[in-house]
Amino acid sequence: MTNQEAIEILEIFNENADKLKNSRFVKWIESNALKVHMPVNPEIVKSNSFPDDEEIDAFVLTFRKFIQNNDNSIRNISKIYNEFPLSQGLKDVFDRSRSNLNGYLDSSCRAKVVGEKDLENMTSRELMDIYIYGFLSHNDPQKYKKYILIEKDELFKDFLWLEFNVILHAVFRAIYYFMHCNKRAIRELQQLNIVSQN
């Protein structure tokens with residue numbers, strides 16, 4: 001991969017990150033409170049506060065580009081940070097941030113499905129994948145089965161949906177941070193191009 005190709009990949013990543021920043025989902029999350037209200041009295045209707053389905057669908061359409069194994073995924077741009085002669089400080093910041101994100105995604109999910117062995121000890125990444133690949137984007141048969149188990153849990157399904165929204169926003173915030181790292185990486189790569197042309 002040439003310097004120019006690396007720059008183009010980082011620029012596309014940044015364009016998609018900016019698209020997420022301007023999405024209705026992010027605007028909703030950043031100006032409203034996610035809520036699940038479960039009244040003690042069964043006569044009172046529960047009230048929840050989430051972004052609407054269209055906002056989430058549109059967000060996930062772009063969001064998937066960052067978590068799937070393609071040129072603009074977080075995993076693949078990390079190769080640019082590892083393979084190109086970028087400043088060590090920038091590499092360290094990117095690696096630490098990526099490690100923090102993976103630590104968060106691989107930690108135990110706060111919401112649980114009690115009594116379902118496959119769902120009792122889910123990580124945040126597993127919950128995110130169940131909703132994205134079992135419901136919203138693809139219909140992976142295993143993840144779809146887990147999604148159906150979640151939907152059958154009348155008591156906790158809303159808490160799991162709330163947790164999914166929290167996870168999406170947390171990953172978005174990391175993506176947006178990576179965008180700022182990429183801007184600096186692009187400047188450094190452009191400088192390398194200038195030096196190599198002289």
# chains A, B, ... in the order shown; residues from 1 in each chain; ligands from 1
$ select_by_dssp --residues "segment 31-171 of chain A" --states "strand (DSSP E)" --output "MDAnalysis selection string"
chainID A and resid 35:37 47:49
$ write_last_selection --atoms "N, CA and C atoms" --output "compact mmCIF listing (two decimals), in the first residue's frame"
# COMPACT_ATOMS: atom_id res chain seq x y z
N LYS A 35 -34.27 5.90 28.26
CA LYS A 35 -35.00 5.53 29.47
C LYS A 35 -35.82 4.27 29.25
N VAL A 36 -35.86 3.46 30.30
CA VAL A 36 -36.82 2.36 30.39
C VAL A 36 -37.54 2.56 31.70
N HIS A 37 -38.85 2.72 31.64
CA HIS A 37 -39.64 2.90 32.85
C HIS A 37 -40.56 1.70 33.00
N SER A 47 -43.19 3.06 29.88
CA SER A 47 -42.82 4.08 28.91
C SER A 47 -41.31 4.07 28.73
N ASN A 48 -40.89 4.04 27.49
CA ASN A 48 -39.48 4.01 27.16
C ASN A 48 -39.12 5.20 26.29
N SER A 49 -37.85 5.53 26.29
CA SER A 49 -37.38 6.62 25.45
C SER A 49 -36.13 6.17 24.71
$ residues_around --residues "Leu105 of chain A" --least-positions-apart "2" --cutoff "7 Å" --atoms "only C-alpha atoms" --output "number ranges by chain"
A: 101-103, 107, 123-125
$ closest_residue --among "A:Phe25, A:Asp71, A:Phe159, A:Glu83" --to "Cys109 of chain A" --atoms "only C-alpha atoms"
A:Phe159
$ residues_around --residues "Lys146 of chain A" --least-positions-apart "5" --cutoff "12 Å" --atoms "only C-alpha atoms" --output "VMD selection string"
chain A and resid 113 116 to 120 122 126 to 135 139 to 141 151 to 153 157
$ atom_distance --atom1 "atom CA of Glu54 of chain A" --atom2 "atom CA of Phe178 of chain A"
26.0 Å
$ atom_distance --atom1 "atom CA of Trp28 of chain A" --atom2 "atom CA of Glu55 of chain A"
8.6 Å
$ atom_distance --atom1 "atom CA of Leu160 of chain A" --atom2 "atom CA of Ala174 of chain A"
21.1 Å
$ residues_around --residues "segment 57-66 of chain A" --least-positions-apart "3" --cutoff "9 Å" --atoms "only C-alpha atoms" --output "NGL selection string"
:A and (13 or 16-17 or 19-20 or 23-26 or 52-54 or 69-75 or 132 or 136-137 or 168 or 172 or 175)
$ select_by_dssp --residues "segment 12-119 of chain A" --states "alpha helix (DSSP H)" --output "PyMOL selection string"
chain A and resi 12-21+24-31+53-67+74-83+88-105+117-119
$ closest_residue --among "A:Ala6, A:Ile29, A:Cys181, A:Leu192" --to "Lys79 of chain A" --atoms "only C-alpha atoms"
A:Ala6
